[in-house]
$ cat my_file.pdb   # PDB, C-alpha atoms
ATOM      1  CA  MET A1051      -1.602 155.418 238.628  1.00  0.00           C
ATOM      2  CA  LEU A1052      -3.030 157.341 235.705  1.00  0.00           C
ATOM      3  CA  SER A1053      -1.067 160.225 234.386  1.00  0.00           C
ATOM      4  CA  ALA A1054      -2.840 163.489 233.830  1.00  0.00           C
ATOM      5  CA  PRO A1055      -3.135 164.754 230.265  1.00  0.00           C
ATOM      6  CA  PRO A1056      -0.729 167.575 229.465  1.00  0.00           C
ATOM      7  CA  ARG A1057      -1.903 171.089 230.111  1.00  0.00           C
ATOM      8  CA  THR A1058      -2.240 173.261 227.071  1.00  0.00           C
ATOM      9  CA  ARG A1059      -1.312 176.889 227.219  1.00  0.00           C
ATOM     10  CA  PRO A1060      -4.070 179.371 226.472  1.00  0.00           C
ATOM     11  CA  LEU A1061      -3.811 181.254 223.205  1.00  0.00           C
ATOM     12  CA  LEU A1062      -4.494 184.585 224.881  1.00  0.00           C
ATOM     13  CA  HIS A1063      -2.905 186.651 227.574  1.00  0.00           C
ATOM     14  CA  PRO A1064      -5.610 187.433 230.184  1.00  0.00           C
ATOM     15  CA  LEU A1065      -5.623 191.140 229.259  1.00  0.00           C
ATOM     16  CA  HIS A1066      -6.014 190.202 225.603  1.00  0.00           C
ATOM     17  CA  GLY A1067      -9.021 188.100 226.579  1.00  0.00           C
ATOM     18  CA  LEU A1068     -10.587 191.091 228.328  1.00  0.00           C
ATOM     19  CA  LEU A1069     -10.092 193.263 225.250  1.00  0.00           C
ATOM     20  CA  LEU A1070     -11.611 190.535 223.072  1.00  0.00           C
ATOM     21  CA  ALA A1071     -14.795 190.853 225.116  1.00  0.00           C
ATOM     22  CA  TRP A1072     -15.453 194.279 223.527  1.00  0.00           C
ATOM     23  CA  PRO A1073     -16.121 193.154 219.963  1.00  0.00           C
ATOM     24  CA  VAL A1074     -17.606 189.816 221.064  1.00  0.00           C
ATOM     25  CA  ALA A1075     -20.227 191.731 223.061  1.00  0.00           C
ATOM     26  CA  LEU A1076     -20.642 194.915 221.016  1.00  0.00           C
ATOM     27  CA  PHE A1077     -20.962 193.525 217.466  1.00  0.00           C
ATOM     28  CA  PRO A1078     -23.888 191.216 218.378  1.00  0.00           C
ATOM     29  CA  ALA A1079     -25.458 194.078 220.367  1.00  0.00           C
ATOM     30  CA  ALA A1080     -25.230 196.241 217.227  1.00  0.00           C
ATOM     31  CA  LEU A1081     -26.883 193.434 215.265  1.00  0.00           C
ATOM     32  CA  LEU A1082     -29.754 193.359 217.756  1.00  0.00           C
ATOM     33  CA  SER A1083     -30.190 197.133 217.582  1.00  0.00           C
ATOM     34  CA  ASP A1084     -30.159 196.931 213.751  1.00  0.00           C
ATOM     35  CA  ILE A1085     -32.954 194.363 213.885  1.00  0.00           C
ATOM     36  CA  THR A1086     -34.875 196.560 216.308  1.00  0.00           C
ATOM     37  CA  TYR A1087     -34.400 199.562 214.005  1.00  0.00           C
ATOM     38  CA  LEU A1088     -35.659 197.630 210.987  1.00  0.00           C
ATOM     39  CA  ASN A1089     -38.752 196.580 212.966  1.00  0.00           C
ATOM     40  CA  SER A1090     -39.511 199.975 214.508  1.00  0.00           C
ATOM     41  CA  ALA A1091     -38.018 202.626 212.156  1.00  0.00           C
ATOM     42  CA  GLU A1092     -36.987 204.584 215.272  1.00  0.00           C
ATOM     43  CA  MET A1093     -33.796 206.377 214.201  1.00  0.00           C
ATOM     44  CA  GLN A1094     -32.221 206.227 217.657  1.00  0.00           C
ATOM     45  CA  TRP A1095     -31.710 202.446 217.236  1.00  0.00           C
ATOM     46  CA  SER A1096     -29.542 203.138 214.205  1.00  0.00           C
ATOM     47  CA  ASN A1097     -27.556 205.618 216.285  1.00  0.00           C
ATOM     48  CA  PHE A1098     -27.097 202.978 218.999  1.00  0.00           C
ATOM     49  CA  SER A1099     -25.797 200.575 216.356  1.00  0.00           C
ATOM     50  CA  ALA A1100     -23.291 203.132 215.091  1.00  0.00           C
ATOM     51  CA  TRP A1101     -22.006 203.737 218.628  1.00  0.00           C
ATOM     52  CA  LEU A1102     -21.763 200.016 219.382  1.00  0.00           C
ATOM     53  CA  ILE A1103     -19.898 199.376 216.132  1.00  0.00           C
ATOM     54  CA  THR A1104     -17.480 202.203 216.904  1.00  0.00           C
ATOM     55  CA  GLY A1105     -16.749 200.772 220.352  1.00  0.00           C
ATOM     56  CA  ALA A1106     -16.245 197.302 218.885  1.00  0.00           C
ATOM     57  CA  LEU A1107     -13.846 198.706 216.282  1.00  0.00           C
ATOM     58  CA  ILE A1108     -11.767 200.460 218.945  1.00  0.00           C
ATOM     59  CA  GLY A1109     -11.434 197.304 221.033  1.00  0.00           C
ATOM     60  CA  GLY A1110     -11.049 195.192 217.902  1.00  0.00           C
ATOM     61  CA  GLY A1111      -8.227 197.369 216.596  1.00  0.00           C
ATOM     62  CA  LEU A1112      -6.296 196.920 219.821  1.00  0.00           C
ATOM     63  CA  ILE A1113      -6.670 193.144 219.830  1.00  0.00           C
ATOM     64  CA  LEU A1114      -5.910 192.962 216.108  1.00  0.00           C
ATOM     65  CA  LEU A1115      -2.581 194.671 216.759  1.00  0.00           C
ATOM     66  CA  TRP A1116      -1.911 192.408 219.764  1.00  0.00           C
ATOM     67  CA  ALA A1117      -2.785 189.291 217.725  1.00  0.00           C
ATOM     68  CA  LEU A1118      -0.423 190.384 214.948  1.00  0.00           C
ATOM     69  CA  ILE A1119       2.428 190.672 217.444  1.00  0.00           C
ATOM     70  CA  ALA A1120       1.474 187.316 218.997  1.00  0.00           C
ATOM     71  CA  LEU A1121       1.543 185.674 215.559  1.00  0.00           C
ATOM     72  CA  ALA A1122       5.023 187.064 214.893  1.00  0.00           C
ATOM     73  CA  ARG A1123       6.227 185.614 218.216  1.00  0.00           C
ATOM     74  CA  ALA A1124       4.464 182.234 217.879  1.00  0.00           C
ATOM     75  CA  LYS A1125       6.454 179.109 217.132  1.00  0.00           C
ATOM     76  CA  GLY A1126       5.541 175.583 216.189  1.00  0.00           C
ATOM     77  CA  PRO A1127       1.976 174.304 215.960  1.00  0.00           C
ATOM     78  CA  ALA A1128       0.569 177.312 217.824  1.00  0.00           C
ATOM     79  CA  ARG A1129       1.456 179.499 214.828  1.00  0.00           C
ATOM     80  CA  ARG A1130      -1.358 178.001 212.750  1.00  0.00           C
ATOM     81  CA  GLN A1131      -3.946 178.687 215.439  1.00  0.00           C
ATOM     82  CA  HIS A1132      -2.645 182.244 215.852  1.00  0.00           C
ATOM     83  CA  GLY A1133      -2.933 182.692 212.085  1.00  0.00           C
ATOM     84  CA  LEU A1134      -6.558 181.526 212.029  1.00  0.00           C
ATOM     85  CA  TYR A1135      -7.349 183.775 214.978  1.00  0.00           C
ATOM     86  CA  LEU A1136      -5.727 186.768 213.265  1.00  0.00           C
ATOM     87  CA  LEU A1137      -7.627 186.048 210.033  1.00  0.00           C
ATOM     88  CA  LEU A1138     -10.962 185.970 211.898  1.00  0.00           C
ATOM     89  CA  LEU A1139     -10.118 189.210 213.692  1.00  0.00           C
ATOM     90  CA  ALA A1140      -9.158 190.905 210.415  1.00  0.00           C
ATOM     91  CA  LEU A1141     -12.429 189.757 208.807  1.00  0.00           C
ATOM     92  CA  MET A1142     -14.379 190.987 211.832  1.00  0.00           C
ATOM     93  CA  TRP A1143     -12.662 194.356 211.795  1.00  0.00           C
ATOM     94  CA  ALA A1144     -12.970 194.861 208.021  1.00  0.00           C
ATOM     95  CA  CYS A1145     -16.691 194.012 208.032  1.00  0.00           C
ATOM     96  CA  GLY A1146     -17.156 196.254 211.050  1.00  0.00           C
ATOM     97  CA  LEU A1147     -15.355 199.166 209.405  1.00  0.00           C
ATOM     98  CA  ILE A1148     -17.428 198.910 206.224  1.00  0.00           C
ATOM     99  CA  ASN A1149     -20.499 198.617 208.447  1.00  0.00           C
ATOM    100  CA  ALA A1150     -19.510 201.791 210.299  1.00  0.00           C
ATOM    101  CA  PHE A1151     -19.349 203.624 206.978  1.00  0.00           C
ATOM    102  CA  GLN A1152     -22.737 202.146 206.036  1.00  0.00           C
ATOM    103  CA  HIS A1153     -24.250 203.301 209.333  1.00  0.00           C
ATOM    104  CA  SER A1154     -22.954 206.836 208.794  1.00  0.00           C
ATOM    105  CA  ARG A1155     -25.371 207.246 205.906  1.00  0.00           C
ATOM    106  CA  ASP A1156     -28.612 209.139 206.343  1.00  0.00           C
ATOM    107  CA  GLY A1157     -31.998 207.699 207.256  1.00  0.00           C
ATOM    108  CA  TRP A1158     -33.317 204.290 206.230  1.00  0.00           C
ATOM    109  CA  SER A1159     -30.305 203.570 204.016  1.00  0.00           C
ATOM    110  CA  SER A1160     -28.039 203.598 207.088  1.00  0.00           C
ATOM    111  CA  VAL A1161     -29.007 200.052 207.963  1.00  0.00           C
ATOM    112  CA  GLY A1162     -31.065 198.362 205.249  1.00  0.00           C
ATOM    113  CA  THR A1163     -30.043 195.004 203.843  1.00  0.00           C
ATOM    114  CA  ILE A1164     -26.341 195.797 203.457  1.00  0.00           C
ATOM    115  CA  GLY A1165     -25.990 197.091 207.019  1.00  0.00           C
ATOM    116  CA  LEU A1166     -27.801 194.064 208.408  1.00  0.00           C
ATOM    117  CA  ILE A1167     -25.626 191.629 206.426  1.00  0.00           C
ATOM    118  CA  LEU A1168     -22.452 193.413 207.551  1.00  0.00           C
ATOM    119  CA  SER A1169     -23.659 193.304 211.161  1.00  0.00           C
ATOM    120  CA  ILE A1170     -24.293 189.572 210.847  1.00  0.00           C
ATOM    121  CA  LEU A1171     -20.861 188.952 209.294  1.00  0.00           C
ATOM    122  CA  SER A1172     -18.976 191.015 211.874  1.00  0.00           C
ATOM    123  CA  SER A1173     -20.909 189.360 214.725  1.00  0.00           C
ATOM    124  CA  LEU A1174     -20.216 185.858 213.425  1.00  0.00           C
ATOM    125  CA  ALA A1175     -16.527 186.647 212.874  1.00  0.00           C
ATOM    126  CA  ALA A1176     -16.232 188.095 216.402  1.00  0.00           C
ATOM    127  CA  LEU A1177     -17.881 185.048 217.950  1.00  0.00           C
ATOM    128  CA  ALA A1178     -15.726 182.686 215.851  1.00  0.00           C
ATOM    129  CA  ALA A1179     -12.573 184.573 216.907  1.00  0.00           C
ATOM    130  CA  GLY A1180     -13.602 184.288 220.551  1.00  0.00           C
ATOM    131  CA  TRP A1181     -14.301 180.582 220.131  1.00  0.00           C
ATOM    132  CA  THR A1182     -10.953 180.016 218.411  1.00  0.00           C
ATOM    133  CA  ALA A1183      -9.075 181.959 221.064  1.00  0.00           C
ATOM    134  CA  PHE A1184     -10.504 180.002 223.975  1.00  0.00           C
ATOM    135  CA  ALA A1185     -10.885 176.579 222.318  1.00  0.00           C
ATOM    136  CA  SER A1186      -7.288 175.545 222.967  1.00  0.00           C
ATOM    137  CA  TYR A1187      -7.463 176.111 226.708  1.00  0.00           C
ATOM    138  CA  ARG A1188      -8.206 172.986 228.687  1.00  0.00           C
ATOM    139  CA  GLU A1189      -8.141 173.046 232.443  1.00  0.00           C
ATOM    140  CA  VAL A1190      -6.855 169.847 233.960  1.00  0.00           C
ATOM    141  CA  ARG A1191      -8.240 169.105 237.402  1.00  0.00           C
ATOM    142  CA  PRO A1192      -6.824 166.355 239.609  1.00  0.00           C
TER     143      PRO A1192
END
$ encode --input "my_file.pdb" --output "structure tokens"
Amino acid sequence: MLSAPPRTRPLLHPLHGLLLAWPVALFPAALLSDITYLNSAEMQWSNFSAWLITGALIGGGLILLWALIALARAKGPARRQHGLYLLLLALMWACGLINAFQHSRDGWSSVGTIGLILSILSSLAALAAGWTAFASYREVRP
């Protein structure tokens, strides 16, 4: 009889996973609205981006705090994965915060090249953090 591979524990508490959905969804949505703004020059798209970034920062701040506490409580090999996850979240949040300041500027300069690059970086960091958080979970089915 074959033995089943050991179950790995998920990195995230289920509520933490729900909070992680905010920046994983909102940062790429802000990137899409930045691209739309650069193609249309309709100022409302820049406003949408600023609102989406703000929402992602609120959710991201909560999960950043939760991930910091989880790293302090982690032991053994899981500590390294928690550290990588926290680093990605911190990068995501820092790029998002600078991007929020960039989007608070007036007119065309609110997005431009710098705003688009910051949106790309924060989106990639959010997606990488989500991937890292859920990569360790393997469901074993009989």
$ closest_residue --input "my_file.pdb" --among "A:Leu1068, A:Pro1078, A:Leu1121, A:Tyr1135" --to "Gly1109 (chain A)" --atoms "only C-alpha atoms"
A:Leu1068
$ resolve_selection --input "my_file.pdb" --expression "the PyMOL selection byres ((chain A and resi 1179) around 9)" --output "JSON, numbers by chain"
{"A": [1070, 1074, 1134, 1135, 1136, 1137, 1138, 1139, 1142, 1174, 1175, 1176, 1177, 1178, 1180, 1181, 1182, 1183, 1184]}
$ closest_residue --input "my_file.pdb" --among "A:Thr1163, A:Ala1124, A:Ala1150, A:His1132" --to "Ala1080 (chain A)" --atoms "only C-alpha atoms"
A:Ala1150
$ residues_around --input "my_file.pdb" --residues "region 1088-1094 of chain A" --least-positions-apart "2" --cutoff "12 Å" --atoms "only C-alpha atoms" --output "ChimeraX atom specification"
/A:1081-1086,1096-1101,1153,1155-1163,1165-1166
$ write_last_selection --input "my_file.pdb" --atoms "C-alpha atoms" --output "PDB file, in the coordinates of the input"
ATOM      1  CA  LEU A1081     -26.883 193.434 215.265  1.00  0.00           C
ATOM      2  CA  LEU A1082     -29.754 193.359 217.756  1.00  0.00           C
ATOM      3  CA  SER A1083     -30.190 197.133 217.582  1.00  0.00           C
ATOM      4  CA  ASP A1084     -30.159 196.931 213.751  1.00  0.00           C
ATOM      5  CA  ILE A1085     -32.954 194.363 213.885  1.00  0.00           C
ATOM      6  CA  THR A1086     -34.875 196.560 216.308  1.00  0.00           C
ATOM      7  CA  SER A1096     -29.542 203.138 214.205  1.00  0.00           C
ATOM      8  CA  ASN A1097     -27.556 205.618 216.285  1.00  0.00           C
ATOM      9  CA  PHE A1098     -27.097 202.978 218.999  1.00  0.00           C
ATOM     10  CA  SER A1099     -25.797 200.575 216.356  1.00  0.00           C
ATOM     11  CA  ALA A1100     -23.291 203.132 215.091  1.00  0.00           C
ATOM     12  CA  TRP A1101     -22.006 203.737 218.628  1.00  0.00           C
ATOM     13  CA  HIS A1153     -24.250 203.301 209.333  1.00  0.00           C
ATOM     14  CA  ARG A1155     -25.371 207.246 205.906  1.00  0.00           C
ATOM     15  CA  ASP A1156     -28.612 209.139 206.343  1.00  0.00           C
ATOM     16  CA  GLY A1157     -31.998 207.699 207.256  1.00  0.00           C
ATOM     17  CA  TRP A1158     -33.317 204.290 206.230  1.00  0.00           C
ATOM     18  CA  SER A1159     -30.305 203.570 204.016  1.00  0.00           C
ATOM     19  CA  SER A1160     -28.039 203.598 207.088  1.00  0.00           C
ATOM     20  CA  VAL A1161     -29.007 200.052 207.963  1.00  0.00           C
ATOM     21  CA  GLY A1162     -31.065 198.362 205.249  1.00  0.00           C
ATOM     22  CA  THR A1163     -30.043 195.004 203.843  1.00  0.00           C
ATOM     23  CA  GLY A1165     -25.990 197.091 207.019  1.00  0.00           C
ATOM     24  CA  LEU A1166     -27.801 194.064 208.408  1.00  0.00           C
TER      25      LEU A1166
END
$ atom_distance --input "my_file.pdb" --atom1 "CA of Leu1107 (chain A)" --atom2 "CA of Ile1164 (chain A)"
18.1 Å
$ closest_residue --input "my_file.pdb" --among "A:Leu1069, A:Ala1117, A:Leu1076, A:Leu1168" --to "Ile1103 (chain A)" --atoms "all atoms listed in the file"
A:Leu1076
$ closest_residue --input "my_file.pdb" --among "A:Trp1143, A:Phe1151, A:Tyr1087, A:Trp1095" --to "Gly1111 (chain A)" --atoms "only C-alpha atoms"
A:Trp1143
$ atom_distance --input "my_file.pdb" --atom1 "CA of Thr1104 (chain A)" --atom2 "CA of Gly1146 (chain A)"
8.4 Å
$ atom_distance --input "my_file.pdb" --atom1 "CA of Ala1185 (chain A)" --atom2 "CA of Asn1149 (chain A)"
27.8 Å
$ axis_aligned_box --input "my_file.pdb" --around "region 1074-1082 of chain A" --padding-each-side "8 Å" --output "AutoDock Vina command-line options"
--center_x -23.7 --center_y 193.0 --center_z 219.2 --size_x 28.1 --size_y 22.4 --size_z 23.8
$ residues_near_point --input "my_file.pdb" --point "(-4.2, 189.7, 227.5)" --cutoff "12 Å" --atoms "all atoms listed in the file" --output "MDAnalysis selection string"
chainID A and resid 1060:1071 1112:1117 1120 1183
$ closest_residue --input "my_file.pdb" --among "A:Ala1106, A:Ala1128, A:Ala1079, A:Leu1118" --to "Leu1147 (chain A)" --atoms "all atoms listed in the file"
A:Ala1106
$ build_atoms --input "my_file.pdb" --residues "region 1125-1137 of chain A" --atoms "N, CA and C atoms" --output "PDB file, keeping the file's coordinate frame"
ATOM      1  N   LYS A1125       5.586 180.128 217.714  1.00  0.00           N
ATOM      2  CA  LYS A1125       6.454 179.109 217.132  1.00  0.00           C
ATOM      3  C   LYS A1125       5.725 177.780 217.141  1.00  0.00           C
ATOM      4  N   GLY A1126       6.067 176.939 216.211  1.00  0.00           N
ATOM      5  CA  GLY A1126       5.541 175.583 216.189  1.00  0.00           C
ATOM      6  C   GLY A1126       4.084 175.514 215.796  1.00  0.00           C
ATOM      7  N   PRO A1127       3.376 174.523 216.350  1.00  0.00           N
ATOM      8  CA  PRO A1127       1.976 174.304 215.960  1.00  0.00           C
ATOM      9  C   PRO A1127       1.032 175.430 216.393  1.00  0.00           C
ATOM     10  N   ALA A1128       1.424 176.207 217.373  1.00  0.00           N
ATOM     11  CA  ALA A1128       0.569 177.312 217.824  1.00  0.00           C
ATOM     12  C   ALA A1128       0.480 178.413 216.768  1.00  0.00           C
ATOM     13  N   ARG A1129       1.438 178.459 215.864  1.00  0.00           N
ATOM     14  CA  ARG A1129       1.456 179.499 214.828  1.00  0.00           C
ATOM     15  C   ARG A1129       0.229 179.401 213.922  1.00  0.00           C
ATOM     16  N   ARG A1130      -0.184 178.185 213.612  1.00  0.00           N
ATOM     17  CA  ARG A1130      -1.358 178.001 212.750  1.00  0.00           C
ATOM     18  C   ARG A1130      -2.619 178.518 213.431  1.00  0.00           C
ATOM     19  N   GLN A1131      -2.768 178.216 214.712  1.00  0.00           N
ATOM     20  CA  GLN A1131      -3.946 178.687 215.439  1.00  0.00           C
ATOM     21  C   GLN A1131      -3.928 180.217 215.571  1.00  0.00           C
ATOM     22  N   HIS A1132      -2.756 180.785 215.803  1.00  0.00           N
ATOM     23  CA  HIS A1132      -2.645 182.244 215.852  1.00  0.00           C
ATOM     24  C   HIS A1132      -3.013 182.858 214.504  1.00  0.00           C
ATOM     25  N   GLY A1133      -2.609 182.189 213.422  1.00  0.00           N
ATOM     26  CA  GLY A1133      -2.933 182.692 212.085  1.00  0.00           C
ATOM     27  C   GLY A1133      -4.427 182.685 211.814  1.00  0.00           C
ATOM     28  N   LEU A1134      -5.108 181.604 212.186  1.00  0.00           N
ATOM     29  CA  LEU A1134      -6.558 181.526 212.029  1.00  0.00           C
ATOM     30  C   LEU A1134      -7.242 182.598 212.867  1.00  0.00           C
ATOM     31  N   TYR A1135      -6.783 182.763 214.085  1.00  0.00           N
ATOM     32  CA  TYR A1135      -7.349 183.775 214.978  1.00  0.00           C
ATOM     33  C   TYR A1135      -7.176 185.177 214.390  1.00  0.00           C
ATOM     34  N   LEU A1136      -5.988 185.464 213.868  1.00  0.00           N
ATOM     35  CA  LEU A1136      -5.727 186.768 213.265  1.00  0.00           C
ATOM     36  C   LEU A1136      -6.605 186.976 212.030  1.00  0.00           C
ATOM     37  N   LEU A1137      -6.785 185.950 211.222  1.00  0.00           N
ATOM     38  CA  LEU A1137      -7.627 186.048 210.033  1.00  0.00           C
ATOM     39  C   LEU A1137      -9.075 186.362 210.411  1.00  0.00           C
TER      40      LEU A1137
END
